[in-house]
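Reproduced below: coords.tsv, with TSV, C-alpha atoms.
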```tsv
chain	number	residue	atom	x	y	z
A	1185	MET	CA	213.79	92.92	302.72
A	1186	THR	CA	210.93	95.08	303.95
A	1187	GLU	CA	208.75	93.99	301.01
A	1188	PRO	CA	209.04	90.22	300.48
A	1189	TRP	CA	207.66	90.38	296.95
A	1190	VAL	CA	210.32	92.84	295.73
A	1191	ALA	CA	213.58	91.29	294.51
A	1192	LEU	CA	216.02	94.15	295.02
A	1193	GLU	CA	215.63	97.17	297.24
A	1194	ALA	CA	216.61	100.61	296.01
A	1195	GLY	CA	220.32	101.24	296.57
A	1196	ALA	CA	221.35	97.57	296.64
A	1197	ASP	CA	224.24	96.40	294.45
A	1198	PRO	CA	222.78	94.20	291.68
A	1199	ALA	CA	226.12	92.56	290.84
A	1200	GLU	CA	226.77	91.51	294.44
A	1201	ARG	CA	223.21	90.29	294.79
A	1202	VAL	CA	223.62	88.14	291.67
A	1203	ARG	CA	226.80	86.56	293.06
A	1204	VAL	CA	225.12	85.69	296.36
A	1205	LEU	CA	222.06	84.27	294.63
A	1206	ARG	CA	224.11	82.11	292.28
A	1207	ARG	CA	225.92	80.52	295.22
A	1208	ALA	CA	222.59	79.92	296.96
A	1209	HIS	CA	221.11	78.44	293.79
A	1210	GLU	CA	224.08	76.07	293.44
A	1211	ARG	CA	223.70	74.93	297.05
A	1212	PHE	CA	220.01	74.27	296.50
A	1213	THR	CA	220.48	72.29	293.29
A	1214	GLU	CA	223.29	70.26	294.86
A	1215	ALA	CA	221.97	69.69	298.39
A	1216	GLY	CA	218.36	70.83	298.36
A	1217	THR	CA	218.92	73.40	301.10
A	1218	VAL	CA	218.10	77.10	300.89
A	1219	THR	CA	220.26	79.65	302.67
A	1220	ARG	CA	219.91	83.35	303.27
A	1221	PRO	CA	219.44	85.82	301.71
A	1222	VAL	CA	217.07	83.97	299.34
A	1223	ARG	CA	213.58	85.41	299.80
A	1224	SER	CA	210.98	83.03	301.18
A	1225	VAL	CA	208.78	83.45	298.09
A	1226	VAL	CA	211.71	82.34	295.91
A	1227	ALA	CA	212.76	79.49	298.22
A	1228	ASP	CA	209.21	78.12	298.22
A	1229	SER	CA	209.09	78.41	294.43
A	1230	TRP	CA	212.41	76.59	294.06
A	1231	ARG	CA	211.02	73.74	296.17
A	1232	ARG	CA	207.86	73.56	294.07
A	1233	SER	CA	209.96	73.59	290.90
A	1234	ALA	CA	212.10	70.72	292.18
A	1235	ARG	CA	209.02	68.70	293.18
A	1236	ALA	CA	207.66	69.25	289.65
A	1237	ARG	CA	210.94	67.76	288.34
A	1238	VAL	CA	211.94	70.91	286.49
A	1239	SER	CA	215.61	70.70	285.56
A	1240	PRO	CA	217.84	73.75	286.16
A	1241	GLU	CA	219.52	72.80	282.88
A	1242	ASP	CA	216.39	73.08	280.72
A	1243	THR	CA	217.00	75.25	277.66
A	1244	GLY	CA	213.56	76.46	276.69
A	1245	ALA	CA	209.82	76.25	277.14
A	1246	ALA	CA	207.50	73.97	275.21
A	1247	VAL	CA	205.35	75.78	272.65
A	1248	GLU	CA	201.80	74.47	273.09
A	1249	LEU	CA	199.83	76.86	270.86
A	1250	THR	CA	200.87	77.82	267.34
A	1251	ASP	CA	199.48	79.59	264.29
A	1252	GLY	CA	195.71	79.29	263.94
A	1253	ASP	CA	195.22	77.65	267.34
A	1254	LEU	CA	197.05	80.50	269.05
A	1255	GLY	CA	195.12	83.14	267.12
A	1256	SER	CA	191.74	81.60	267.92
A	1257	TYR	CA	192.58	81.12	271.58
A	1258	ARG	CA	193.82	84.69	271.96
A	1259	SER	CA	190.86	86.24	270.19
A	1260	GLU	CA	188.43	84.48	272.53
A	1261	HIS	CA	190.39	85.07	275.73
A	1262	PRO	CA	188.98	87.73	278.12
A	1263	LEU	CA	192.36	89.50	278.28
A	1264	ALA	CA	192.15	90.29	274.57
A	1265	GLY	CA	189.76	93.08	275.52
A	1266	VAL	CA	192.40	94.86	277.59
A	1267	MET	CA	195.40	94.37	275.29
A	1268	PRO	CA	194.97	97.93	273.91
A	1269	LEU	CA	195.18	99.16	277.51
A	1270	PHE	CA	198.32	97.08	278.18
A	1271	ARG	CA	199.94	98.48	275.05
A	1272	GLU	CA	198.99	102.04	275.93
A	1273	LEU	CA	200.32	101.82	279.50
A	1274	MET	CA	203.36	99.61	278.92
A	1275	GLY	CA	204.27	99.75	275.24
A	1276	THR	CA	206.46	102.86	275.33
A	1277	PHE	CA	208.09	101.77	278.60
A	1278	ALA	CA	208.97	98.40	277.08
A	1279	MET	CA	210.34	99.88	273.86
A	1280	ASP	CA	212.35	102.65	275.49
A	1281	GLY	CA	213.82	100.35	278.14
A	1282	GLU	CA	214.48	97.46	275.72
A	1283	HIS	CA	212.02	95.35	277.72
A	1284	LEU	CA	209.18	93.01	276.81
A	1285	LEU	CA	205.49	93.23	277.62
A	1286	ALA	CA	204.08	89.73	278.09
A	1287	VAL	CA	200.61	88.47	278.96
A	1288	CYS	CA	199.88	84.88	279.99
A	1289	ASP	CA	196.71	82.93	280.73
A	1290	ALA	CA	195.85	81.28	284.05
A	1291	HIS	CA	197.85	78.19	283.00
A	1292	GLY	CA	201.03	80.19	282.45
A	1293	ARG	CA	200.87	80.03	278.65
A	1294	LEU	CA	202.15	83.18	276.99
A	1295	LEU	CA	199.53	84.79	274.77
A	1296	TRP	CA	201.30	88.00	273.77
A	1297	VAL	CA	204.98	88.95	273.87
A	1298	GLU	CA	205.70	92.43	272.51
A	1299	GLY	CA	208.38	95.06	272.84
A	1300	HIS	CA	211.92	95.78	271.74
A	1301	SER	CA	212.82	93.69	268.68
A	1302	ALA	CA	216.36	92.79	269.78
A	1303	THR	CA	215.11	91.77	273.22
A	1304	ARG	CA	212.35	89.68	271.63
A	1305	GLN	CA	214.95	87.91	269.54
A	1306	GLN	CA	217.07	87.14	272.62
A	1307	ALA	CA	214.05	85.91	274.57
A	1308	GLY	CA	212.99	83.77	271.65
A	1309	ARG	CA	216.10	81.62	272.10
A	1310	MET	CA	214.57	80.22	275.31
A	1311	ASN	CA	211.07	80.15	273.76
A	1312	PHE	CA	209.76	83.15	275.66
A	1313	VAL	CA	207.29	83.50	272.80
A	1314	PRO	CA	203.51	83.49	272.31
A	1315	GLY	CA	202.08	80.02	272.77
A	1316	ALA	CA	204.88	78.78	275.06
A	1317	ARG	CA	204.07	77.38	278.50
A	1318	TRP	CA	205.87	79.30	281.24
A	1319	ALA	CA	203.96	77.84	284.16
A	1320	GLU	CA	206.08	77.37	287.25
A	1321	SER	CA	205.59	73.61	287.01
A	1322	ALA	CA	207.10	73.66	283.52
A	1323	MET	CA	209.76	76.41	283.64
A	1324	GLY	CA	210.45	76.79	287.33
A	1325	THR	CA	210.57	80.10	289.15
A	1326	ASN	CA	209.68	83.00	286.83
A	1327	ALA	CA	207.47	86.04	287.33
A	1328	PRO	CA	204.47	85.22	285.12
A	1329	GLY	CA	204.45	81.55	286.10
A	1330	THR	CA	204.91	82.21	289.81
A	1331	ALA	CA	202.38	85.06	289.79
A	1332	VAL	CA	199.62	82.76	288.51
A	1333	ALA	CA	200.75	79.93	290.79
A	1334	LEU	CA	200.45	82.15	293.88
A	1335	ASP	CA	197.81	84.56	292.57
A	1336	ARG	CA	200.13	87.32	293.81
A	1337	PRO	CA	202.24	90.04	292.19
A	1338	VAL	CA	205.88	88.96	292.25
A	1339	GLN	CA	209.27	90.09	291.00
A	1340	VAL	CA	212.00	87.62	290.06
A	1341	PHE	CA	215.58	88.83	289.72
A	1342	ALA	CA	218.43	87.14	287.85
A	1343	ALA	CA	219.61	83.98	289.66
A	1344	GLU	CA	216.32	83.75	291.53
A	1345	HIS	CA	215.08	82.04	288.35
A	1346	PHE	CA	215.21	78.27	288.78
A	1347	ILE	CA	216.46	77.50	285.28
A	1348	ARG	CA	219.98	78.78	284.62
A	1349	ARG	CA	219.21	79.72	281.03
A	1350	VAL	CA	216.68	82.25	282.34
A	1351	GLN	CA	218.94	83.79	284.98
A	1352	PRO	CA	220.22	86.70	282.84
A	1353	TRP	CA	216.66	88.07	282.94
A	1354	THR	CA	214.60	90.02	285.47
A	1355	CYS	CA	210.82	90.15	285.38
A	1356	ALA	CA	207.83	91.41	287.35
A	1357	ALA	CA	204.26	90.17	286.93
A	1358	ALA	CA	200.85	90.70	288.50
A	1359	PRO	CA	197.72	88.56	288.21
A	1360	VAL	CA	194.55	89.85	286.53
A	1361	HIS	CA	191.10	88.69	287.65
A	1362	ASP	CA	187.58	88.71	286.26
A	1363	PRO	CA	186.01	91.62	288.20
A	1364	ARG	CA	182.63	89.88	288.34
A	1365	THR	CA	183.64	86.43	289.55
A	1366	GLY	CA	187.15	86.92	290.96
A	1367	ARG	CA	188.41	84.15	288.66
A	1368	LEU	CA	192.10	84.33	287.76
A	1369	LEU	CA	192.41	85.18	284.06
A	1370	GLY	CA	196.19	85.33	283.77
A	1371	ALA	CA	199.00	87.79	284.43
A	1372	VAL	CA	200.67	90.81	282.89
A	1373	ASP	CA	204.47	90.82	282.92
A	1374	ILE	CA	207.39	93.09	282.15
A	1375	THR	CA	210.64	91.26	281.31
A	1376	GLY	CA	214.11	92.64	280.65
A	1377	GLY	CA	217.48	93.23	282.25
A	1378	ASP	CA	218.70	94.12	285.74
A	1379	GLY	CA	217.16	97.59	285.50
A	1380	LEU	CA	213.78	96.03	286.21
A	1381	ALA	CA	214.95	94.92	289.65
A	1382	HIS	CA	213.84	98.26	291.07
A	1383	PRO	CA	210.76	98.11	293.35
A	1384	HIS	CA	209.00	100.52	290.99
A	1385	SER	CA	208.70	97.85	288.29
A	1386	LEU	CA	206.60	95.64	290.56
A	1387	ALA	CA	204.42	98.58	291.58
A	1388	PHE	CA	204.07	99.46	287.91
A	1389	VAL	CA	202.73	96.06	286.81
A	1390	GLN	CA	200.43	95.96	289.85
A	1391	ALA	CA	198.94	99.30	288.80
A	1392	VAL	CA	198.54	98.07	285.22
A	1393	ALA	CA	196.79	94.88	286.41
A	1394	ARG	CA	194.39	96.92	288.54
A	1395	ALA	CA	193.66	99.23	285.62
A	1396	ALA	CA	192.92	96.17	283.48
A	1397	GLU	CA	190.48	94.81	286.06
A	1398	SER	CA	188.71	98.18	286.18
A	1399	GLN	CA	188.53	98.20	282.37
A	1400	LEU	CA	187.13	94.66	282.36
A	1401	ALA	CA	184.48	95.74	284.86
A	1402	LEU	CA	183.45	98.56	282.52
A	1403	LEU	CA	183.37	96.22	279.53
A	1404	ALA	CA	181.19	93.79	281.49
A	1405	ALA	CA	178.81	96.42	282.85
A	1406	PRO	CA	175.28	96.10	281.47
A	1407	VAL	CA	174.17	98.81	279.07
A	1408	GLU	CA	171.78	101.19	280.79
A	1409	SER	CA	168.29	101.49	279.38
A	1410	LYS	CA	165.34	103.67	280.18
A	1411	ASP	CA	164.01	100.84	282.37
A	1412	THR	CA	167.17	100.70	284.49
A	1413	VAL	CA	166.73	101.66	288.13
A	1414	GLY	CA	169.98	102.25	289.94
A	1415	LEU	CA	170.82	103.63	293.37
A	1416	THR	CA	174.12	105.27	294.30
A	1417	ALA	CA	174.50	105.70	298.05
A	1418	LEU	CA	178.14	105.01	298.94
A	1419	GLY	CA	180.15	108.00	300.07
A	1420	ARG	CA	177.10	110.28	299.78
A	1421	ASP	CA	174.73	111.73	302.35
A	1422	GLU	CA	172.09	112.19	299.65
A	1423	ALA	CA	171.67	109.24	297.31
A	1424	LEU	CA	171.14	109.43	293.56
A	1425	LEU	CA	168.40	107.38	291.91
A	1426	LEU	CA	168.61	106.63	288.19
A	1427	THR	CA	165.18	105.84	286.78
A	1428	GLY	CA	163.63	106.25	283.36
A	1429	GLY	CA	166.82	107.81	282.04
A	1430	ARG	CA	166.76	110.61	284.63
A	1431	LYS	CA	168.76	111.18	287.81
A	1432	VAL	CA	166.89	112.10	290.97
A	1433	ARG	CA	168.73	113.48	293.99
A	1434	LEU	CA	167.03	112.23	297.13
A	1435	SER	CA	166.76	113.86	300.53
A	1436	ARG	CA	168.57	112.19	303.39
A	1437	ARG	CA	165.43	110.52	304.73
A	1438	HIS	CA	164.32	109.42	301.27
A	1439	SER	CA	167.83	108.07	300.68
A	1440	GLU	CA	167.52	105.91	303.81
A	1441	ILE	CA	164.09	104.64	302.77
A	1442	LEU	CA	165.27	103.69	299.27
A	1443	VAL	CA	168.35	101.91	300.59
A	1444	LEU	CA	166.23	99.84	302.96
A	1445	LEU	CA	163.53	99.02	300.43
A	1446	ALA	CA	166.18	98.03	297.87
A	1447	ARG	CA	167.54	95.61	300.48
A	1448	HIS	CA	164.08	94.14	301.08
A	1449	PRO	CA	162.42	93.49	297.72
A	1450	GLU	CA	159.72	91.53	299.56
A	1451	GLY	CA	158.69	94.79	301.25
A	1452	LEU	CA	158.53	96.18	304.78
A	1453	THR	CA	155.52	96.98	306.91
A	1454	GLY	CA	155.10	100.45	308.33
A	1455	ASP	CA	156.20	99.23	311.78
A	1456	GLU	CA	159.29	97.48	310.37
A	1457	LEU	CA	160.29	100.53	308.37
A	1458	GLN	CA	159.76	102.83	311.35
A	1459	CYS	CA	161.99	100.68	313.60
A	1460	ALA	CA	164.64	100.57	310.88
A	1461	LEU	CA	164.64	104.35	310.38
A	1462	TYR	CA	164.13	106.02	313.75
A	1463	GLU	CA	166.18	105.82	316.94
A	1464	ASP	CA	163.62	108.02	318.69
A	1465	GLU	CA	160.69	105.82	319.69
A	1466	THR	CA	158.49	108.87	320.12
A	1467	VAL	CA	158.36	109.43	316.35
A	1468	THR	CA	154.80	108.70	315.24
A	1469	PRO	CA	153.67	106.61	312.26
A	1470	VAL	CA	152.15	109.79	310.83
A	1471	THR	CA	155.66	111.22	310.32
A	1472	LEU	CA	156.76	108.16	308.34
A	1473	ARG	CA	153.59	108.12	306.23
A	1474	ALA	CA	154.16	111.77	305.34
A	1475	GLU	CA	157.73	110.99	304.20
A	1476	LEU	CA	156.48	108.09	302.10
A	1477	ALA	CA	153.76	110.20	300.53
A	1478	ARG	CA	156.34	112.80	299.48
A	1479	LEU	CA	158.59	110.05	298.13
A	1480	ARG	CA	155.71	108.55	296.11
A	1481	ARG	CA	154.99	111.94	294.54
A	1482	LEU	CA	158.65	112.20	293.61
A	1483	LEU	CA	159.02	108.70	292.18
A	1484	GLY	CA	155.50	107.96	291.00
A	1485	PRO	CA	153.10	105.22	292.14
A	1486	GLU	CA	154.42	102.89	289.45
A	1487	LEU	CA	157.72	102.61	291.38
A	1488	LEU	CA	156.71	102.80	295.06
A	1489	ARG	CA	153.96	100.48	296.27
A	1490	SER	CA	152.37	100.05	299.70
A	1491	ARG	CA	150.95	97.28	301.92
A	1492	PRO	CA	153.74	96.42	302.42
A	1493	TYR	CA	155.97	99.27	301.32
A	1494	ARG	CA	158.07	97.97	298.45
A	1495	LEU	CA	159.67	98.90	295.14
A	1496	ALA	CA	157.79	97.71	292.07
A	1497	VAL	CA	160.99	96.93	290.14
A	1498	PRO	CA	164.41	95.57	291.19
A	1499	VAL	CA	166.90	98.28	292.09
A	1500	GLU	CA	170.62	97.77	291.48
A	1501	SER	CA	172.63	99.67	294.09
A	1502	ASP	CA	176.35	100.30	294.47
A	1503	VAL	CA	176.11	98.48	297.80
A	1504	ASP	CA	174.95	95.37	295.91
A	1505	ALA	CA	177.86	95.72	293.49
A	1506	VAL	CA	180.46	95.80	296.29
A	1507	GLU	CA	178.86	92.86	298.11
A	1508	ARG	CA	178.63	90.79	294.93
A	1509	ARG	CA	182.29	91.36	294.09
A	1510	LEU	CA	183.38	90.55	297.63
A	1511	GLY	CA	181.31	87.38	297.55
A	1512	SER	CA	183.04	86.22	294.39
A	1513	GLY	CA	186.53	87.08	295.66
A	1514	ALA	CA	187.03	90.06	293.34
A	1515	VAL	CA	188.58	92.21	296.07
A	1516	THR	CA	190.24	94.74	293.76
A	1517	ALA	CA	186.99	95.36	291.91
A	1518	ALA	CA	185.09	95.60	295.21
A	1519	ALA	CA	187.53	98.21	296.51
A	1520	ALA	CA	187.25	100.16	293.26
A	1521	ALA	CA	183.44	100.21	293.56
A	1522	TYR	CA	183.52	101.34	297.20
A	1523	ALA	CA	183.21	105.14	297.04
A	1524	GLY	CA	182.98	105.50	300.80
A	1525	PRO	CA	180.74	104.60	303.74
A	1526	LEU	CA	177.04	104.11	303.06
A	1527	LEU	CA	175.13	107.37	303.73
A	1528	PRO	CA	177.81	108.41	306.24
A	1529	ALA	CA	175.67	110.99	308.08
A	1530	SER	CA	172.70	108.64	308.53
A	1531	GLN	CA	171.78	107.64	312.07
A	1532	ALA	CA	168.99	105.29	311.01
A	1533	PRO	CA	169.71	102.08	312.97
A	1534	ALA	CA	169.32	99.69	310.03
A	1535	VAL	CA	171.41	101.89	307.73
A	1536	ALA	CA	174.14	102.21	310.36
A	1537	ARG	CA	174.27	98.42	310.75
A	1538	LEU	CA	174.53	97.91	306.99
A	1539	ARG	CA	177.20	100.62	306.75
A	1540	ARG	CA	179.34	98.93	309.43
A	1541	ARG	CA	178.86	95.46	307.99
A	1542	LEU	CA	179.86	96.45	304.47
A	1543	ALA	CA	182.94	98.37	305.63
A	1544	ASP	CA	184.01	95.52	307.94
A	1545	GLN	CA	183.64	92.94	305.16
A	1546	LEU	CA	185.75	95.00	302.77
A	1547	ARG	CA	188.38	95.75	305.43
A	1548	ALA	CA	188.68	92.06	306.28
A	1549	ALA	CA	189.07	91.17	302.59
A	1550	LEU	CA	191.78	93.81	302.10
A	1551	ILE	CA	193.71	92.64	305.15
A	1552	ALA	CA	193.49	89.02	303.99
A	1553	ARG	CA	194.55	89.95	300.43
A	1554	ARG	CA	197.69	91.78	301.69
A	1555	ASP	CA	197.94	93.87	298.55
A	1556	PRO	CA	199.99	96.93	299.62
A	1557	ASP	CA	198.37	99.24	297.07
A	1558	LEU	CA	194.83	98.32	298.11
A	1559	LEU	CA	195.72	98.72	301.79
A	1560	ALA	CA	197.38	102.08	301.08
A	1561	ASP	CA	194.32	103.29	299.18
A	1562	TRP	CA	192.15	102.47	302.21
A	1563	VAL	CA	194.27	104.19	304.87
A	1564	HIS	CA	194.73	107.30	302.72
A	1565	ALA	CA	190.99	107.65	302.16
A	1566	PRO	CA	189.10	109.88	304.63
A	1567	TRP	CA	187.31	106.88	306.16
A	1568	GLY	CA	190.52	104.88	306.70
A	1569	GLU	CA	192.96	107.45	308.02
A	1570	GLU	CA	192.72	106.14	311.60
A	1571	ASP	CA	192.04	102.48	310.83
A	1572	LEU	CA	194.68	100.89	313.02
A	1573	ALA	CA	194.10	97.31	311.84
A	1574	VAL	CA	194.63	98.24	308.20
A	1575	TRP	CA	197.68	100.39	309.02
A	1576	ARG	CA	199.17	97.37	310.81
A	1577	ALA	CA	198.45	95.15	307.80
A	1578	LEU	CA	200.07	97.72	305.51
A	1579	ALA	CA	203.16	97.90	307.73
A	1580	GLN	CA	203.62	94.14	307.36
A	1581	VAL	CA	203.84	94.32	303.57
A	1582	ARG	CA	205.17	97.86	303.02
A	1583	ALA	CA	207.25	98.91	306.00
A	1584	THR	CA	208.28	102.34	304.69
A	1585	PRO	CA	209.24	105.10	307.16
A	1586	PRO	CA	205.99	107.08	306.64
A	1587	VAL	CA	203.85	103.98	307.22
A	1588	LEU	CA	205.76	103.02	310.37
A	1589	ALA	CA	205.63	106.59	311.66
A	1590	ARG	CA	201.87	106.77	311.20
A	1591	LEU	CA	201.45	103.39	312.89
A	1592	ARG	CA	203.45	104.61	315.91
A	1593	GLU	CA	201.21	107.69	316.12
A	1594	LEU	CA	198.06	105.61	316.14
A	1595	ASP	CA	199.47	103.17	318.70
A	1596	ALA	CA	200.40	106.11	320.94
A	1597	GLU	CA	196.93	107.61	320.62
A	1598	LEU	CA	195.39	104.27	321.53
A	1599	ALA	CA	197.66	103.95	324.58
A	1600	ASP	CA	196.74	107.49	325.73
A	1601	ALA	CA	193.03	106.75	325.32
A	1602	ARG	CA	193.38	103.86	327.75
```

In structure tokens, what does this structure look like?
Amino acid sequence: MTEPWVALEAGADPAERVRVLRRAHERFTEAGTVTRPVRSVVADSWRRSARARVSPEDTGAAVELTDGDLGSYRSEHPLAGVMPLFRELMGTFAMDGEHLLAVCDAHGRLLWVEGHSATRQQAGRMNFVPGARWAESAMGTNAPGTAVALDRPVQVFAAEHFIRRVQPWTCAAAPVHDPRTGRLLGAVDITGGDGLAHPHSLAFVQAVARAAESQLALLAAPVESKDTVGLTALGRDEALLLTGGRKVRLSRRHSEILVLLARHPEGLTGDELQCALYEDETVTPVTLRAELARLRRLLGPELLRSRPYRLAVPVESDVDAVERRLGSGAVTAAAAAYAGPLLPASQAPAVARLRRRLADQLRAALIARRDPDLLADWVHAPWGEEDLAVWRALAQVRATPPVLARLRELDAELADAR
């Protein structure tokens, strides 16, 4: 397998794969040993299931939430706000393919199970129903339960399920996080027959989970008022300032000044600001004072103060948003908010340092997260096309021919440069 989280590669024979997995499952339940070709993610899950004393002969999940308790819990759960999105993106796919759309909380309890009526009826026989606990520790290896256990998208095919009663099914699930705090909220899952064993089903639920996180970020965003001061400087040479309900496009130098003052609410002296802005030590303080005078005329004295130079009100910048999301572990939301390098044409020393630091922090988080879609987004963006470290990370989790070919090109270029 080139992608360890995918159960069945395109072109593989599902029937033969089922036979091999059933033999491996029997060996594990009889002797506790795992043999190839069981994926490592499944083998580890089987071991966890056995340690949790899950029986392969269990017939169904325990229903923990019913009637009014279930309704109250669902209505107050953060994922209730994105259920319309889940239905819009997955509802038709589930109905047409005779699949189920399921959403669970961070404890593996199913909150919603929707889709084809006949499939719902079949799944109901093993209590794959709203309110039932499908955590890995309760129902063994299964996509929603294993996804929240690992906080990773995962696909589980047929006899990879730990409980035999569940082995006729195939499912793919991806975790969903609070975009502000990074906290795991639950997982979105698609469950059905062998047709879901295709790699596209895992990519599909990953994309849906990312869309949900983006929607949650929008729902959580504060409502702008006339007193809001915001600064947009990522991926732009000329920043935009939102103040008093109006948008002001700043010059490059004014963009640099605003970025630095937003970073230093305590203010900067003229000397500190000059060192932060100018590489050329021959630039005189008169030049900086002239720039600040023009900026004050543009913004008004009520916003820009002096002695030291500072902003009179807090400014929320897109740089702050990315840093805050990274700090809380919300990597997907941080990547979504990153529109590109900070003022990419700026040569101001302090801006260049901040630009490098922010990009390096996000790159490191993406590499550590090992999400193939996030890594692919980075290397296909203009700023990541030659990022060898991220290409190597992508090749480890998505070793497709185009990815490997591009990695060979970059390695060759690096060797030639030496």

TODO: List every protein, DNA or RNA residue that has an atom no more than 12 Å from (164.1, 98.0, 299.8) in the file's coordinate frame, counting only C-alpha atoms, and report them as JSON, numbers by chain.
DONE: {"A": [1415, 1438, 1439, 1440, 1441, 1442, 1443, 1444, 1445, 1446, 1447, 1448, 1449, 1450, 1451, 1452, 1453, 1456, 1457, 1460, 1487, 1488, 1489, 1490, 1492, 1493, 1494, 1495, 1496, 1497, 1498, 1499, 1500, 1501, 1504, 1534, 1535]}

TODO: Could you jot down the atom CA of A:Ala1358 to atom CA of A:Leu1588 separation for me, Å, one decimal place?
DONE: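 Atom-to-atom, atom CA of A:Ala1358 to atom CA of A:Leu1588, that is 25.6 Å.
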
- [ ] Using all atoms listed in the file, find the one residue out of A:Asp1600, A:Pro1240, A:Ser1229, A:Ala1333 that sits nearest to A:Ala1319.
- [x]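 Distance minimum relative to A:Ala1319 lands on A:Ala1333.
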
Open item on the list: What's the separation between atom CA of A:His1384 and atom CA of A:Glu1344, in Å to one decimal place?
Closed with: 18.3 Å

TODO: Considering all atoms listed in the file, state which residue in the set A:Ser1224, A:Gln1545, A:Thr1217, A:Thr1516 is at the smallest distance from A:Arg1364.
DONE: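 Among the listed residues, A:Thr1516 lies closest to A:Arg1364.
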
Task: Between atom CA of A:Ala1529 and atom CA of A:Lys1431, distance in Å (one decimal) - done: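 Computed distance, atom CA of A:Ala1529 to atom CA of A:Lys1431, equals 21.4 Å.
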
Task: Closest of A:Arg1207, A:Ala1517, A:Gly1366, A:Leu1483 to A:Leu1426 - atom-to-atom distances counting all atoms listed in the file - done: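 The answer is A:Leu1483, which sits nearest to A:Leu1426.
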
Open item on the list: Ranking A:Pro1566, A:Gly1377, A:Gly1281, A:Pro1328 by minimum distance to A:Pro1352 and counting only C-alpha atoms, which one comes first?
Closed with: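 When distances to A:Pro1352 are compared using only C-alpha atoms, the smallest one comes from A:Gly1377.
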
Write out as CSV a residue-level contact list of stretch 1334-1419 of chain A versus stretch 1196-1203 of chain A with cut-off 8 Å: for each qualifying residue the closest pair of atoms and the distance in Å to one decimal, counting only C-alpha atoms, rows sorted by chain and residue number upward.
```
residue,atom,partner,partner_atom,distance
A:Ala1342,CA,A:Val1202,CA,6.5
A:Ala1343,CA,A:Val1202,CA,6.1
A:Asp1378,CA,A:Pro1198,CA,7.2
```

Open item on the list: Taking all atoms listed in the file into account, name the residue in A:Ser1239, A:Gln1339, A:Val1266, A:Leu1295 that is nearest to A:Leu1254.
Closed with: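 Smallest distance to A:Leu1254 is found for A:Leu1295.
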
Open item on the list: Using only C-alpha atoms, which protein or nucleic acid residues come within 6 Å of A:Ala1371? Drop anything in the same chain fewer than 6 positions from it, and give the result as a list in words.
Closed with: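 Answer for this query is Val1287, Cys1288, Ala1358, Pro1359 and Val1360 of chain A.
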
- [ ] Could you give me, as a ChimeraX atom specification, the residues within 9 Å of A:Asn1311, counting only C-alpha atoms and dropping anything in the same chain fewer than 6 positions from it?
- [x] /A:1243-1247,1317

Task: Within 12 Å of file point (191.7, 87.8, 305.6), counting only C-alpha atoms, expressed as JSON, numbers by chain - done: {"A": [1510, 1513, 1515, 1544, 1545, 1546, 1547, 1548, 1549, 1550, 1551, 1552, 1553, 1554, 1555, 1573, 1574, 1577]}

Could you save those same residues with C-alpha atoms as a CSV table (one decimal), keeping the file's coordinate frame?
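Here's the written file again07.csv:
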```
chain,number,residue,atom,x,y,z
A,1510,LEU,CA,183.4,90.6,297.6
A,1513,GLY,CA,186.5,87.1,295.7
A,1515,VAL,CA,188.6,92.2,296.1
A,1544,ASP,CA,184.0,95.5,307.9
A,1545,GLN,CA,183.6,92.9,305.2
A,1546,LEU,CA,185.8,95.0,302.8
A,1547,ARG,CA,188.4,95.8,305.4
A,1548,ALA,CA,188.7,92.1,306.3
A,1549,ALA,CA,189.1,91.2,302.6
A,1550,LEU,CA,191.8,93.8,302.1
A,1551,ILE,CA,193.7,92.6,305.2
A,1552,ALA,CA,193.5,89.0,304.0
A,1553,ARG,CA,194.6,90.0,300.4
A,1554,ARG,CA,197.7,91.8,301.7
A,1555,ASP,CA,197.9,93.9,298.6
A,1573,ALA,CA,194.1,97.3,311.8
A,1574,VAL,CA,194.6,98.2,308.2
A,1577,ALA,CA,198.4,95.2,307.8
```

TODO: Could you tell me which of A:Gly1275, A:Gly1429, A:Pro1525, A:Gly1324 comes closest to A:Arg1231 if we count only C-alpha atoms?
DONE: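 Checking each of A:Gly1275, A:Gly1429, A:Pro1525, A:Gly1324 against A:Arg1231, counting only C-alpha atoms, the winner is A:Gly1324.
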
Open item on the list: Give me the residues near A:Ala1514 as a ChimeraX atom specification, where near means some atom within 12 Å (using all atoms listed in the file) and where sequence neighbours in that chain fewer than 4 positions away do not count.
Closed with: /A:1359-1369,1394,1397-1398,1400-1401,1505-1510,1518-1521,1546,1549-1550,1553

Can you sort out the box for stretch 1490-1493 of chain A, edges along x, y and z, all listed atoms in, 6 Å on every side, with centre and edge lengths in Å to one decimal, as AutoDock Vina command-line options?
```
--center_x 153.5 --center_y 98.2 --center_z 301.1 --size_x 17.0 --size_y 15.6 --size_z 14.7
```
